[in-house]
>>> print(open('model_12.csv').read())   # CSV, N, CA and C atoms and all ligand atoms
chain,number,residue,atom,x,y,z
A,1,MET,N,-2.7,-13.3,-54.6
A,1,MET,CA,-2.7,-14.2,-53.5
A,1,MET,C,-1.3,-14.5,-53.0
A,2,LYS,N,-1.2,-14.5,-51.7
A,2,LYS,CA,0.2,-14.7,-51.1
A,2,LYS,C,0.5,-16.2,-51.2
A,3,PHE,N,1.8,-16.5,-51.2
A,3,PHE,CA,2.3,-17.9,-51.4
A,3,PHE,C,1.7,-18.8,-50.2
A,4,GLN,N,1.7,-18.2,-49.0
A,4,GLN,CA,1.2,-19.0,-47.8
A,4,GLN,C,-0.2,-19.4,-48.0
A,5,ASP,N,-1.0,-18.5,-48.6
A,5,ASP,CA,-2.4,-18.8,-48.8
A,5,ASP,C,-2.6,-19.9,-49.9
A,6,LYS,N,-1.7,-19.8,-50.9
A,6,LYS,CA,-1.8,-20.8,-51.9
A,6,LYS,C,-1.4,-22.2,-51.3
A,7,VAL,N,-0.4,-22.2,-50.4
A,7,VAL,CA,-0.1,-23.5,-49.8
A,7,VAL,C,-1.2,-24.0,-48.9
A,8,ILE,N,-1.8,-23.1,-48.2
A,8,ILE,CA,-3.0,-23.5,-47.3
A,8,ILE,C,-4.1,-24.1,-48.2
A,9,ARG,N,-4.4,-23.4,-49.3
A,9,ARG,CA,-5.5,-23.8,-50.2
A,9,ARG,C,-5.1,-25.2,-50.8
A,10,PHE,N,-3.9,-25.4,-51.1
A,10,PHE,CA,-3.4,-26.6,-51.7
A,10,PHE,C,-3.5,-27.8,-50.7
A,11,MET,N,-3.1,-27.5,-49.5
A,11,MET,CA,-3.1,-28.6,-48.5
A,11,MET,C,-4.5,-28.9,-47.8
A,12,TYR,N,-5.5,-28.0,-48.1
A,12,TYR,CA,-6.8,-28.2,-47.5
A,12,TYR,C,-7.3,-29.6,-47.9
A,13,GLY,N,-7.8,-30.4,-46.9
A,13,GLY,CA,-8.4,-31.7,-47.2
A,13,GLY,C,-7.3,-32.8,-47.5
A,14,ARG,N,-6.1,-32.5,-47.3
A,14,ARG,CA,-5.0,-33.5,-47.4
A,14,ARG,C,-4.5,-33.9,-46.1
A,15,ASN,N,-3.9,-35.1,-46.1
A,15,ASN,CA,-3.4,-35.6,-44.8
A,15,ASN,C,-2.3,-34.8,-44.1
A,16,GLY,N,-1.3,-34.4,-44.9
A,16,GLY,CA,-0.2,-33.7,-44.3
A,16,GLY,C,0.8,-34.6,-43.6
A,17,ASN,N,1.5,-34.0,-42.6
A,17,ASN,CA,2.5,-34.7,-41.9
A,17,ASN,C,1.9,-35.3,-40.6
A,18,ASP,N,2.1,-36.6,-40.4
A,18,ASP,CA,1.8,-37.2,-39.1
A,18,ASP,C,2.9,-38.0,-38.6
A,19,LYS,N,2.7,-38.7,-37.5
A,19,LYS,CA,3.8,-39.4,-36.8
A,19,LYS,C,4.4,-40.5,-37.7
A,20,LEU,N,3.5,-41.1,-38.5
A,20,LEU,CA,4.0,-42.2,-39.4
A,20,LEU,C,4.9,-41.6,-40.4
A,21,ASN,N,4.5,-40.5,-41.0
A,21,ASN,CA,5.3,-39.8,-42.0
A,21,ASN,C,6.6,-39.3,-41.4
A,22,GLN,N,6.6,-38.8,-40.2
A,22,GLN,CA,7.9,-38.4,-39.6
A,22,GLN,C,8.8,-39.6,-39.4
A,23,ALA,N,8.2,-40.7,-39.1
A,23,ALA,CA,9.0,-42.0,-38.9
A,23,ALA,C,9.6,-42.4,-40.3
A,24,LEU,N,8.7,-42.3,-41.3
A,24,LEU,CA,9.2,-42.7,-42.7
A,24,LEU,C,10.4,-41.8,-43.1
A,25,PHE,N,10.2,-40.5,-42.7
A,25,PHE,CA,11.3,-39.6,-43.1
A,25,PHE,C,12.6,-39.9,-42.4
A,26,TRP,N,12.5,-40.3,-41.1
A,26,TRP,CA,13.8,-40.7,-40.4
A,26,TRP,C,14.4,-42.0,-40.9
A,27,VAL,N,13.5,-42.9,-41.3
A,27,VAL,CA,14.0,-44.1,-41.9
A,27,VAL,C,14.7,-43.8,-43.2
A,28,TYR,N,14.1,-42.9,-44.0
A,28,TYR,CA,14.7,-42.5,-45.2
A,28,TYR,C,16.1,-41.8,-45.0
A,29,PHE,N,16.1,-41.0,-44.0
A,29,PHE,CA,17.3,-40.2,-43.7
A,29,PHE,C,18.5,-41.1,-43.3
A,30,VAL,N,18.2,-42.1,-42.4
A,30,VAL,CA,19.2,-43.1,-42.0
A,30,VAL,C,19.7,-43.9,-43.2
A,31,LEU,N,18.7,-44.3,-44.0
A,31,LEU,CA,19.1,-45.1,-45.2
A,31,LEU,C,20.0,-44.2,-46.1
A,32,LEU,N,19.7,-42.9,-46.2
A,32,LEU,CA,20.5,-42.0,-47.1
A,32,LEU,C,21.9,-41.9,-46.5
A,33,LEU,N,22.0,-41.7,-45.2
A,33,LEU,CA,23.4,-41.7,-44.6
A,33,LEU,C,24.1,-43.0,-44.8
A,34,LEU,N,23.4,-44.1,-44.6
A,34,LEU,CA,24.0,-45.4,-44.7
A,34,LEU,C,24.5,-45.6,-46.1
A,35,ASN,N,23.8,-45.1,-47.1
A,35,ASN,CA,24.1,-45.4,-48.5
A,35,ASN,C,25.2,-44.5,-49.0
A,36,ILE,N,25.6,-43.5,-48.3
A,36,ILE,CA,26.8,-42.8,-48.6
A,36,ILE,C,28.0,-43.7,-48.6
A,37,PHE,N,28.0,-44.6,-47.6
A,37,PHE,CA,29.2,-45.5,-47.5
A,37,PHE,C,28.9,-46.8,-48.3
A,38,LEU,N,27.7,-47.3,-48.3
A,38,LEU,CA,27.4,-48.6,-48.9
A,38,LEU,C,27.3,-48.5,-50.4
A,39,LYS,N,26.7,-47.4,-50.9
A,39,LYS,CA,26.5,-47.2,-52.3
A,39,LYS,C,25.7,-48.4,-53.0
A,40,SER,N,24.7,-48.8,-52.3
A,40,SER,CA,23.9,-50.0,-52.8
A,40,SER,C,22.7,-49.5,-53.7
A,41,ILE,N,22.5,-50.2,-54.8
A,41,ILE,CA,21.4,-49.8,-55.7
A,41,ILE,C,20.1,-50.2,-55.0
A,42,ILE,N,20.1,-51.3,-54.3
A,42,ILE,CA,18.9,-51.8,-53.6
A,42,ILE,C,18.4,-50.7,-52.6
A,43,LEU,N,19.4,-50.2,-51.8
A,43,LEU,CA,19.0,-49.2,-50.8
A,43,LEU,C,18.5,-47.9,-51.5
A,44,TRP,N,19.1,-47.6,-52.6
A,44,TRP,CA,18.7,-46.4,-53.4
A,44,TRP,C,17.3,-46.6,-53.8
A,45,ILE,N,16.9,-47.8,-54.3
A,45,ILE,CA,15.5,-48.0,-54.8
A,45,ILE,C,14.6,-47.9,-53.6
A,46,LEU,N,15.0,-48.5,-52.4
A,46,LEU,CA,14.2,-48.4,-51.2
A,46,LEU,C,14.0,-47.0,-50.7
A,47,GLU,N,15.0,-46.2,-50.9
A,47,GLU,CA,14.9,-44.7,-50.5
A,47,GLU,C,13.9,-44.1,-51.4
A,48,LEU,N,13.9,-44.4,-52.7
A,48,LEU,CA,13.0,-43.8,-53.7
A,48,LEU,C,11.6,-44.2,-53.3
A,49,LEU,N,11.4,-45.5,-53.0
A,49,LEU,CA,10.0,-46.0,-52.6
A,49,LEU,C,9.6,-45.3,-51.3
A,50,LEU,N,10.5,-45.0,-50.4
A,50,LEU,CA,10.1,-44.4,-49.1
A,50,LEU,C,9.7,-42.9,-49.4
A,51,VAL,N,10.4,-42.2,-50.3
A,51,VAL,CA,10.0,-40.9,-50.7
A,51,VAL,C,8.7,-40.9,-51.3
A,52,ALA,N,8.4,-41.8,-52.2
A,52,ALA,CA,7.1,-41.9,-52.9
A,52,ALA,C,6.0,-42.2,-51.9
A,53,LEU,N,6.2,-43.1,-51.0
A,53,LEU,CA,5.2,-43.4,-50.0
A,53,LEU,C,5.0,-42.2,-49.1
A,54,TYR,N,6.1,-41.5,-48.7
A,54,TYR,CA,6.0,-40.3,-47.9
A,54,TYR,C,5.1,-39.2,-48.6
A,55,LEU,N,5.4,-38.9,-49.9
A,55,LEU,CA,4.7,-37.9,-50.6
A,55,LEU,C,3.2,-38.4,-50.8
A,56,PHE,N,3.0,-39.7,-51.1
A,56,PHE,CA,1.6,-40.2,-51.3
A,56,PHE,C,0.8,-39.9,-50.0
A,57,ARG,N,1.4,-40.3,-48.8
A,57,ARG,CA,0.7,-40.1,-47.6
A,57,ARG,C,0.5,-38.6,-47.3
A,58,PHE,N,1.5,-37.8,-47.6
A,58,PHE,CA,1.4,-36.4,-47.3
A,58,PHE,C,0.3,-35.7,-48.1
A,59,LEU,N,0.2,-36.1,-49.3
A,59,LEU,CA,-0.8,-35.4,-50.2
A,59,LEU,C,-2.1,-36.1,-50.3
A,60,SER,N,-2.2,-37.3,-49.7
A,60,SER,CA,-3.4,-38.1,-49.8
A,60,SER,C,-4.7,-37.3,-49.3
A,61,ARG,N,-5.8,-37.5,-50.0
A,61,ARG,CA,-7.0,-36.9,-49.6
A,61,ARG,C,-7.9,-37.9,-48.8
A,62,ASN,N,-7.4,-39.1,-48.8
A,62,ASN,CA,-8.2,-40.1,-48.0
A,62,ASN,C,-7.7,-40.1,-46.6
A,63,ILE,N,-8.1,-39.0,-45.9
A,63,ILE,CA,-7.6,-38.8,-44.5
A,63,ILE,C,-8.0,-39.9,-43.6
A,64,TYR,N,-9.2,-40.4,-43.7
A,64,TYR,CA,-9.7,-41.5,-42.8
A,64,TYR,C,-8.7,-42.7,-42.8
A,65,ARG,N,-8.3,-43.1,-44.0
A,65,ARG,CA,-7.5,-44.2,-44.2
A,65,ARG,C,-6.1,-43.9,-43.6
A,66,ARG,N,-5.6,-42.7,-43.9
A,66,ARG,CA,-4.2,-42.3,-43.5
A,66,ARG,C,-4.2,-42.3,-41.9
A,67,GLN,N,-5.3,-41.8,-41.3
A,67,GLN,CA,-5.3,-41.7,-39.9
A,67,GLN,C,-5.3,-43.1,-39.2
A,68,ARG,N,-6.0,-44.0,-39.9
A,68,ARG,CA,-6.1,-45.4,-39.4
A,68,ARG,C,-4.7,-46.0,-39.5
A,69,GLU,N,-4.0,-45.8,-40.6
A,69,GLU,CA,-2.6,-46.3,-40.7
A,69,GLU,C,-1.7,-45.7,-39.5
A,70,ASN,N,-1.9,-44.4,-39.3
A,70,ASN,CA,-1.1,-43.7,-38.3
A,70,ASN,C,-1.4,-44.2,-36.9
A,71,ARG,N,-2.7,-44.5,-36.6
A,71,ARG,CA,-3.1,-45.1,-35.3
A,71,ARG,C,-2.4,-46.4,-35.1
A,72,GLY,N,-2.4,-47.2,-36.2
A,72,GLY,CA,-1.8,-48.6,-36.1
A,72,GLY,C,-0.3,-48.4,-35.8
A,73,PHE,N,0.3,-47.5,-36.5
A,73,PHE,CA,1.7,-47.3,-36.2
A,73,PHE,C,2.0,-46.8,-34.8
A,74,LEU,N,1.1,-45.9,-34.3
A,74,LEU,CA,1.3,-45.3,-33.0
A,74,LEU,C,1.1,-46.4,-31.9
A,75,LYS,N,0.2,-47.4,-32.2
A,75,LYS,CA,0.0,-48.4,-31.2
A,75,LYS,C,1.3,-49.2,-31.0
A,76,VAL,N,2.0,-49.6,-32.1
A,76,VAL,CA,3.2,-50.3,-32.0
A,76,VAL,C,4.3,-49.4,-31.4
A,77,TRP,N,4.3,-48.2,-31.9
A,77,TRP,CA,5.4,-47.2,-31.4
A,77,TRP,C,5.3,-47.0,-29.9
A,78,ASN,N,4.1,-46.8,-29.4
A,78,ASN,CA,3.9,-46.5,-28.0
A,78,ASN,C,4.2,-47.7,-27.1
A,79,LYS,N,4.0,-48.9,-27.7
A,79,LYS,CA,4.4,-50.1,-26.9
A,79,LYS,C,5.9,-50.1,-26.8
A,80,PHE,N,6.6,-49.7,-27.8
A,80,PHE,CA,8.0,-49.7,-27.9
A,80,PHE,C,8.6,-48.7,-26.9
A,81,THR,N,8.1,-47.4,-27.0
A,81,THR,CA,8.6,-46.3,-26.2
A,81,THR,C,8.1,-46.5,-24.7
A,82,GLY,N,6.9,-47.1,-24.6
A,82,GLY,CA,6.4,-47.3,-23.2
A,82,GLY,C,7.3,-48.2,-22.4
A,83,PHE,N,7.9,-49.2,-23.0
A,83,PHE,CA,8.8,-50.1,-22.3
A,83,PHE,C,10.0,-49.3,-21.7
A,84,PHE,N,10.6,-48.4,-22.5
A,84,PHE,CA,11.7,-47.6,-22.1
A,84,PHE,C,11.3,-46.5,-21.0
A,85,LYS,N,10.1,-46.0,-21.2
A,85,LYS,CA,9.6,-45.0,-20.2
A,85,LYS,C,9.5,-45.7,-18.8
A,86,LEU,N,8.9,-47.0,-18.9
A,86,LEU,CA,8.7,-47.7,-17.6
A,86,LEU,C,10.1,-48.0,-17.0
A,87,GLN,N,11.1,-48.4,-17.8
A,87,GLN,CA,12.4,-48.7,-17.2
A,87,GLN,C,13.0,-47.4,-16.6
A,88,LYS,N,12.8,-46.3,-17.2
A,88,LYS,CA,13.3,-45.0,-16.7
A,88,LYS,C,12.6,-44.6,-15.4
A,89,ASN,N,11.3,-44.8,-15.3
A,89,ASN,CA,10.5,-44.5,-14.1
A,89,ASN,C,10.9,-45.5,-13.0
A,90,LYS,N,11.1,-46.7,-13.3
A,90,LYS,CA,11.5,-47.7,-12.3
A,90,LYS,C,12.8,-47.3,-11.7
A,91,PHE,N,13.7,-46.8,-12.5
A,91,PHE,CA,15.0,-46.4,-12.0
A,91,PHE,C,14.9,-45.1,-11.2
A,92,ARG,N,14.1,-44.2,-11.6
A,92,ARG,CA,13.9,-42.9,-10.9
A,92,ARG,C,13.3,-43.1,-9.5
A,93,ASP,N,12.3,-44.1,-9.5
A,93,ASP,CA,11.5,-44.3,-8.2
A,93,ASP,C,12.1,-45.5,-7.4
A,94,ARG,N,13.3,-45.9,-7.7
A,94,ARG,CA,13.8,-47.2,-7.1
A,94,ARG,C,13.9,-47.1,-5.6
A,95,LYS,N,14.0,-46.0,-5.0
A,95,LYS,CA,14.1,-45.9,-3.5
A,95,LYS,C,12.8,-45.8,-2.8
A,96,THR,N,11.8,-45.3,-3.5
A,96,THR,CA,10.5,-45.0,-2.9
A,96,THR,C,9.4,-45.9,-3.3
A,97,HIS,N,9.5,-46.5,-4.5
A,97,HIS,CA,8.3,-47.3,-5.1
A,97,HIS,C,8.8,-48.6,-5.7
A,98,VAL,N,7.9,-49.5,-5.8
A,98,VAL,CA,8.2,-50.7,-6.6
A,98,VAL,C,7.1,-50.8,-7.7
A,99,TYR,N,7.4,-51.5,-8.7
A,99,TYR,CA,6.4,-51.7,-9.8
A,99,TYR,C,6.1,-53.2,-9.9
A,100,ARG,N,4.8,-53.5,-9.9
A,100,ARG,CA,4.3,-54.9,-10.0
A,100,ARG,C,3.2,-55.0,-11.0
A,101,LYS,N,3.1,-56.1,-11.6
A,101,LYS,CA,2.1,-56.4,-12.6
A,101,LYS,C,0.9,-57.0,-11.9
A,102,CYS,N,-0.3,-56.5,-12.3
A,102,CYS,CA,-1.6,-57.1,-11.7
A,102,CYS,C,-1.7,-58.5,-12.2
A,103,GLU,N,-2.0,-59.4,-11.3
A,103,GLU,CA,-2.1,-60.9,-11.7
A,103,GLU,C,-3.3,-61.1,-12.6
A,104,HIS,N,-4.3,-60.3,-12.6
A,104,HIS,CA,-5.5,-60.5,-13.4
A,104,HIS,C,-5.4,-59.8,-14.8
A,105,CYS,N,-5.0,-58.6,-14.8
A,105,CYS,CA,-5.1,-57.9,-16.1
A,105,CYS,C,-3.7,-57.4,-16.7
A,106,ARG,N,-2.7,-57.8,-16.0
A,106,ARG,CA,-1.3,-57.5,-16.4
A,106,ARG,C,-1.0,-56.0,-16.4
A,107,ALA,N,-1.8,-55.1,-15.8
A,107,ALA,CA,-1.5,-53.7,-15.7
A,107,ALA,C,-0.4,-53.5,-14.7
A,108,VAL,N,0.5,-52.5,-15.0
A,108,VAL,CA,1.6,-52.3,-14.1
A,108,VAL,C,1.2,-51.3,-13.1
A,109,LEU,N,1.4,-51.7,-11.8
A,109,LEU,CA,1.0,-50.8,-10.7
A,109,LEU,C,2.3,-50.3,-10.0
A,110,ARG,N,2.2,-49.0,-9.6
A,110,ARG,CA,3.3,-48.4,-8.9
A,110,ARG,C,2.9,-48.3,-7.4
A,111,LEU,N,3.7,-49.1,-6.6
A,111,LEU,CA,3.3,-49.2,-5.2
A,111,LEU,C,4.4,-48.6,-4.3
A,112,PRO,N,4.0,-48.0,-3.1
A,112,PRO,CA,5.0,-47.5,-2.2
A,112,PRO,C,5.8,-48.6,-1.6
A,113,LYS,N,7.1,-48.3,-1.4
A,113,LYS,CA,8.0,-49.4,-1.0
A,113,LYS,C,7.9,-49.5,0.5
A,114,LYS,N,6.9,-50.3,1.0
A,114,LYS,CA,6.8,-50.6,2.4
A,114,LYS,C,7.0,-52.1,2.5
A,115,LEU,N,8.0,-52.5,3.3
A,115,LEU,CA,8.3,-53.9,3.4
A,115,LEU,C,7.2,-54.7,4.0
A,116,GLY,N,7.1,-56.0,3.6
A,116,GLY,CA,6.0,-56.9,4.1
A,116,GLY,C,5.1,-57.4,3.1
A,117,LYS,N,4.0,-58.0,3.6
A,117,LYS,CA,3.0,-58.6,2.6
A,117,LYS,C,1.8,-57.7,2.6
A,118,HIS,N,1.3,-57.3,1.5
A,118,HIS,CA,0.2,-56.4,1.4
A,118,HIS,C,-0.8,-56.9,0.4
A,119,THR,N,-2.1,-56.4,0.6
A,119,THR,CA,-3.1,-56.7,-0.3
A,119,THR,C,-3.4,-55.5,-1.2
A,120,VAL,N,-3.4,-55.7,-2.5
A,120,VAL,CA,-3.5,-54.6,-3.4
A,120,VAL,C,-4.7,-54.7,-4.2
A,121,ARG,N,-5.4,-53.6,-4.4
A,121,ARG,CA,-6.6,-53.6,-5.3
A,121,ARG,C,-6.2,-52.9,-6.6
A,122,CYS,N,-6.3,-53.6,-7.7
A,122,CYS,CA,-5.9,-53.0,-9.0
A,122,CYS,C,-6.9,-51.9,-9.4
A,123,PRO,N,-6.5,-50.7,-9.7
A,123,PRO,CA,-7.4,-49.7,-10.1
A,123,PRO,C,-8.0,-49.9,-11.5
A,124,GLN,N,-7.4,-50.7,-12.3
A,124,GLN,CA,-7.9,-51.0,-13.6
A,124,GLN,C,-9.0,-52.0,-13.7
A,125,CYS,N,-8.7,-53.1,-13.0
A,125,CYS,CA,-9.8,-54.2,-13.1
A,125,CYS,C,-10.5,-54.4,-11.8
A,126,GLY,N,-10.1,-53.7,-10.7
A,126,GLY,CA,-10.8,-53.8,-9.4
A,126,GLY,C,-10.6,-55.0,-8.6
A,127,LYS,N,-9.8,-56.0,-9.1
A,127,LYS,CA,-9.6,-57.2,-8.4
A,127,LYS,C,-8.4,-57.1,-7.4
A,128,THR,N,-8.5,-57.9,-6.3
A,128,THR,CA,-7.4,-57.8,-5.3
A,128,THR,C,-6.5,-59.0,-5.4
A,129,PHE,N,-5.2,-58.7,-5.0
A,129,PHE,CA,-4.2,-59.8,-4.9
A,129,PHE,C,-3.2,-59.4,-3.9
A,130,SER,N,-2.4,-60.4,-3.5
A,130,SER,CA,-1.4,-60.0,-2.5
A,130,SER,C,0.0,-59.9,-3.1
A,131,VAL,N,0.7,-58.9,-2.5
A,131,VAL,CA,2.1,-58.6,-3.0
A,131,VAL,C,3.0,-58.6,-1.8
A,132,LYS,N,4.2,-59.2,-2.1
A,132,LYS,CA,5.3,-59.2,-1.1
A,132,LYS,C,6.4,-58.3,-1.5
A,133,ILE,N,6.7,-57.3,-0.7
A,133,ILE,CA,7.7,-56.3,-1.0
A,133,ILE,C,8.9,-56.5,-0.1
B,1,ZN,ZN,-5.8,-55.5,-12.8
>>> encode(input="model_12.csv", output="structure tokens")
Amino acid sequence: MKFQDKVIRFMYGRNGNDKLNQALFWVYFVLLLLNIFLKSIILWILELLLVALYLFRFLSRNIYRRQRENRGFLKVWNKFTGFFKLQKNKFRDRKTHVYRKCEHCRAVLRLPKKLGKHTVRCPQCGKTFSVKI
């Protein structure tokens, strides 16, 4: 049996690498670099715990549970990255569009930049409200 086949057989039914594990790895990596200068025993223990958690999640057979953890992480992560994506898009579209929040459901709407007062219907909740641009 080839080595690759052995790896595939070993990993079958296991969680493997997901976004949360990738994030754990990067946190570990940053701590590792930081600890080159700080040489702290507490950081070293934290690194060890991170590696243990990483391996546990990687090899875990309870995929349902691991996916739920990953979804929870992604929810927070997407909120964080979504903010920066919105700022980037606002800057990119600053000459042609404006971004406004729906008064009813707080959804962000991208509206063409036409000066004056307009009535807008939110595509998410279907309610109308007026916007001054
Ligand atoms: Zn709405």
>>> select_by_dssp(input="model_12.csv", residues="chain A", states="strand (DSSP E)", output="list in words")
His97, Val98, Tyr99, Arg100, Lys101, Val108, Leu109, Arg110, Leu111, Pro112, Lys117, His118, Thr119, Val120, Arg121, Thr128, Phe129, Ser130, Val131 and Lys132 of chain A
>>> write_last_selection(input="model_12.csv", atoms="N, CA and C atoms", output="compact mmCIF listing (two decimals), keeping the file's coordinate frame")
# COMPACT_ATOMS: atom_id res chain seq x y z
N HIS A 97 9.50 -46.50 -4.50
CA HIS A 97 8.30 -47.30 -5.10
C HIS A 97 8.80 -48.60 -5.70
N VAL A 98 7.90 -49.50 -5.80
CA VAL A 98 8.20 -50.70 -6.60
C VAL A 98 7.10 -50.80 -7.70
N TYR A 99 7.40 -51.50 -8.70
CA TYR A 99 6.40 -51.70 -9.80
C TYR A 99 6.10 -53.20 -9.90
N ARG A 100 4.80 -53.50 -9.90
CA ARG A 100 4.30 -54.90 -10.00
C ARG A 100 3.20 -55.00 -11.00
N LYS A 101 3.10 -56.10 -11.60
CA LYS A 101 2.10 -56.40 -12.60
C LYS A 101 0.90 -57.00 -11.90
N VAL A 108 0.50 -52.50 -15.00
CA VAL A 108 1.60 -52.30 -14.10
C VAL A 108 1.20 -51.30 -13.10
N LEU A 109 1.40 -51.70 -11.80
CA LEU A 109 1.00 -50.80 -10.70
C LEU A 109 2.30 -50.30 -10.00
N ARG A 110 2.20 -49.00 -9.60
CA ARG A 110 3.30 -48.40 -8.90
C ARG A 110 2.90 -48.30 -7.40
N LEU A 111 3.70 -49.10 -6.60
CA LEU A 111 3.30 -49.20 -5.20
C LEU A 111 4.40 -48.60 -4.30
N PRO A 112 4.00 -48.00 -3.10
CA PRO A 112 5.00 -47.50 -2.20
C PRO A 112 5.80 -48.60 -1.60
N LYS A 117 4.00 -58.00 3.60
CA LYS A 117 3.00 -58.60 2.60
C LYS A 117 1.80 -57.70 2.60
N HIS A 118 1.30 -57.30 1.50
CA HIS A 118 0.20 -56.40 1.40
C HIS A 118 -0.80 -56.90 0.40
N THR A 119 -2.10 -56.40 0.60
CA THR A 119 -3.10 -56.70 -0.30
C THR A 119 -3.40 -55.50 -1.20
N VAL A 120 -3.40 -55.70 -2.50
CA VAL A 120 -3.50 -54.60 -3.40
C VAL A 120 -4.70 -54.70 -4.20
N ARG A 121 -5.40 -53.60 -4.40
CA ARG A 121 -6.60 -53.60 -5.30
C ARG A 121 -6.20 -52.90 -6.60
N THR A 128 -8.50 -57.90 -6.30
CA THR A 128 -7.40 -57.80 -5.30
C THR A 128 -6.50 -59.00 -5.40
N PHE A 129 -5.20 -58.70 -5.00
CA PHE A 129 -4.20 -59.80 -4.90
C PHE A 129 -3.20 -59.40 -3.90
N SER A 130 -2.40 -60.40 -3.50
CA SER A 130 -1.40 -60.00 -2.50
C SER A 130 0.00 -59.90 -3.10
N VAL A 131 0.70 -58.90 -2.50
CA VAL A 131 2.10 -58.60 -3.00
C VAL A 131 3.00 -58.60 -1.80
N LYS A 132 4.20 -59.20 -2.10
CA LYS A 132 5.30 -59.20 -1.10
C LYS A 132 6.40 -58.30 -1.50
>>> select_by_dssp(input="model_12.csv", residues="stretch 1-131 of chain A", states="helix (DSSP H, G or I)", output="ChimeraX atom specification")
/A:3-11,19-38,41-59,63-92
>>> residues_near_ligand(input="model_12.csv", ligand="ligand ZN 1 (chain B)", cutoff="8 Å", atoms="all atoms listed in the file", output="CSV table (one decimal) with N, CA and C atoms, keeping the file's coordinate frame")
chain,number,residue,atom,x,y,z
A,101,LYS,N,3.1,-56.1,-11.6
A,101,LYS,CA,2.1,-56.4,-12.6
A,101,LYS,C,0.9,-57.0,-11.9
A,102,CYS,N,-0.3,-56.5,-12.3
A,102,CYS,CA,-1.6,-57.1,-11.7
A,102,CYS,C,-1.7,-58.5,-12.2
A,103,GLU,N,-2.0,-59.4,-11.3
A,103,GLU,CA,-2.1,-60.9,-11.7
A,103,GLU,C,-3.3,-61.1,-12.6
A,104,HIS,N,-4.3,-60.3,-12.6
A,104,HIS,CA,-5.5,-60.5,-13.4
A,104,HIS,C,-5.4,-59.8,-14.8
A,105,CYS,N,-5.0,-58.6,-14.8
A,105,CYS,CA,-5.1,-57.9,-16.1
A,105,CYS,C,-3.7,-57.4,-16.7
A,106,ARG,N,-2.7,-57.8,-16.0
A,106,ARG,CA,-1.3,-57.5,-16.4
A,106,ARG,C,-1.0,-56.0,-16.4
A,107,ALA,N,-1.8,-55.1,-15.8
A,107,ALA,CA,-1.5,-53.7,-15.7
A,107,ALA,C,-0.4,-53.5,-14.7
A,108,VAL,N,0.5,-52.5,-15.0
A,108,VAL,CA,1.6,-52.3,-14.1
A,108,VAL,C,1.2,-51.3,-13.1
A,121,ARG,N,-5.4,-53.6,-4.4
A,121,ARG,CA,-6.6,-53.6,-5.3
A,121,ARG,C,-6.2,-52.9,-6.6
A,122,CYS,N,-6.3,-53.6,-7.7
A,122,CYS,CA,-5.9,-53.0,-9.0
A,122,CYS,C,-6.9,-51.9,-9.4
A,123,PRO,N,-6.5,-50.7,-9.7
A,123,PRO,CA,-7.4,-49.7,-10.1
A,123,PRO,C,-8.0,-49.9,-11.5
A,124,GLN,N,-7.4,-50.7,-12.3
A,124,GLN,CA,-7.9,-51.0,-13.6
A,124,GLN,C,-9.0,-52.0,-13.7
A,125,CYS,N,-8.7,-53.1,-13.0
A,125,CYS,CA,-9.8,-54.2,-13.1
A,125,CYS,C,-10.5,-54.4,-11.8
A,126,GLY,N,-10.1,-53.7,-10.7
A,126,GLY,CA,-10.8,-53.8,-9.4
A,126,GLY,C,-10.6,-55.0,-8.6
A,127,LYS,N,-9.8,-56.0,-9.1
A,127,LYS,CA,-9.6,-57.2,-8.4
A,127,LYS,C,-8.4,-57.1,-7.4
A,128,THR,N,-8.5,-57.9,-6.3
A,128,THR,CA,-7.4,-57.8,-5.3
A,128,THR,C,-6.5,-59.0,-5.4
>>> atom_distance(input="model_12.csv", atom1="atom CA of A:Val98", atom2="atom N of A:Lys75")
27.0 Å
>>> residues_around(input="model_12.csv", residues="A:Leu50", least_positions_apart="5", cutoff="10 Å", atoms="only C-alpha atoms", output="number ranges by chain")
A: 21, 24-25, 27-29, 31, 44-45, 55-56
>>> closest_residue(input="model_12.csv", among="A:Glu47, A:Gln22, A:Lys79, A:Lys113", to="A:Ile133", atoms="only N, CA and C atoms")
A:Lys113
>>> atom_distance(input="model_12.csv", atom1="atom C of A:Lys6", atom2="atom N of A:Gln67")
22.3 Å
>>> decode(input="model_12.csv", residues="stretch 49-61 of chain A", atoms="C-alpha atoms", output="short mmCIF file (atom, residue, chain, number, x, y, z; two decimals), in the first residue's frame")
data_model
loop_
_atom_site.label_atom_id
_atom_site.label_comp_id
_atom_site.auth_asym_id
_atom_site.auth_seq_id
_atom_site.Cartn_x
_atom_site.Cartn_y
_atom_site.Cartn_z
CA LEU A 49 -2.06 23.84 24.49
CA LEU A 50 -2.75 25.31 21.06
CA VAL A 51 -0.85 22.48 19.36
CA ALA A 52 -2.78 19.94 21.46
CA LEU A 53 -6.10 21.58 20.57
CA TYR A 54 -5.08 21.75 16.89
CA LEU A 55 -4.19 18.04 16.80
CA PHE A 56 -7.32 17.10 18.75
CA ARG A 57 -9.55 18.96 16.28
CA PHE A 58 -7.58 17.69 13.30
CA LEU A 59 -7.86 14.02 14.27
CA SER A 60 -11.29 14.17 15.91
CA ARG A 61 -13.90 11.71 14.67
#
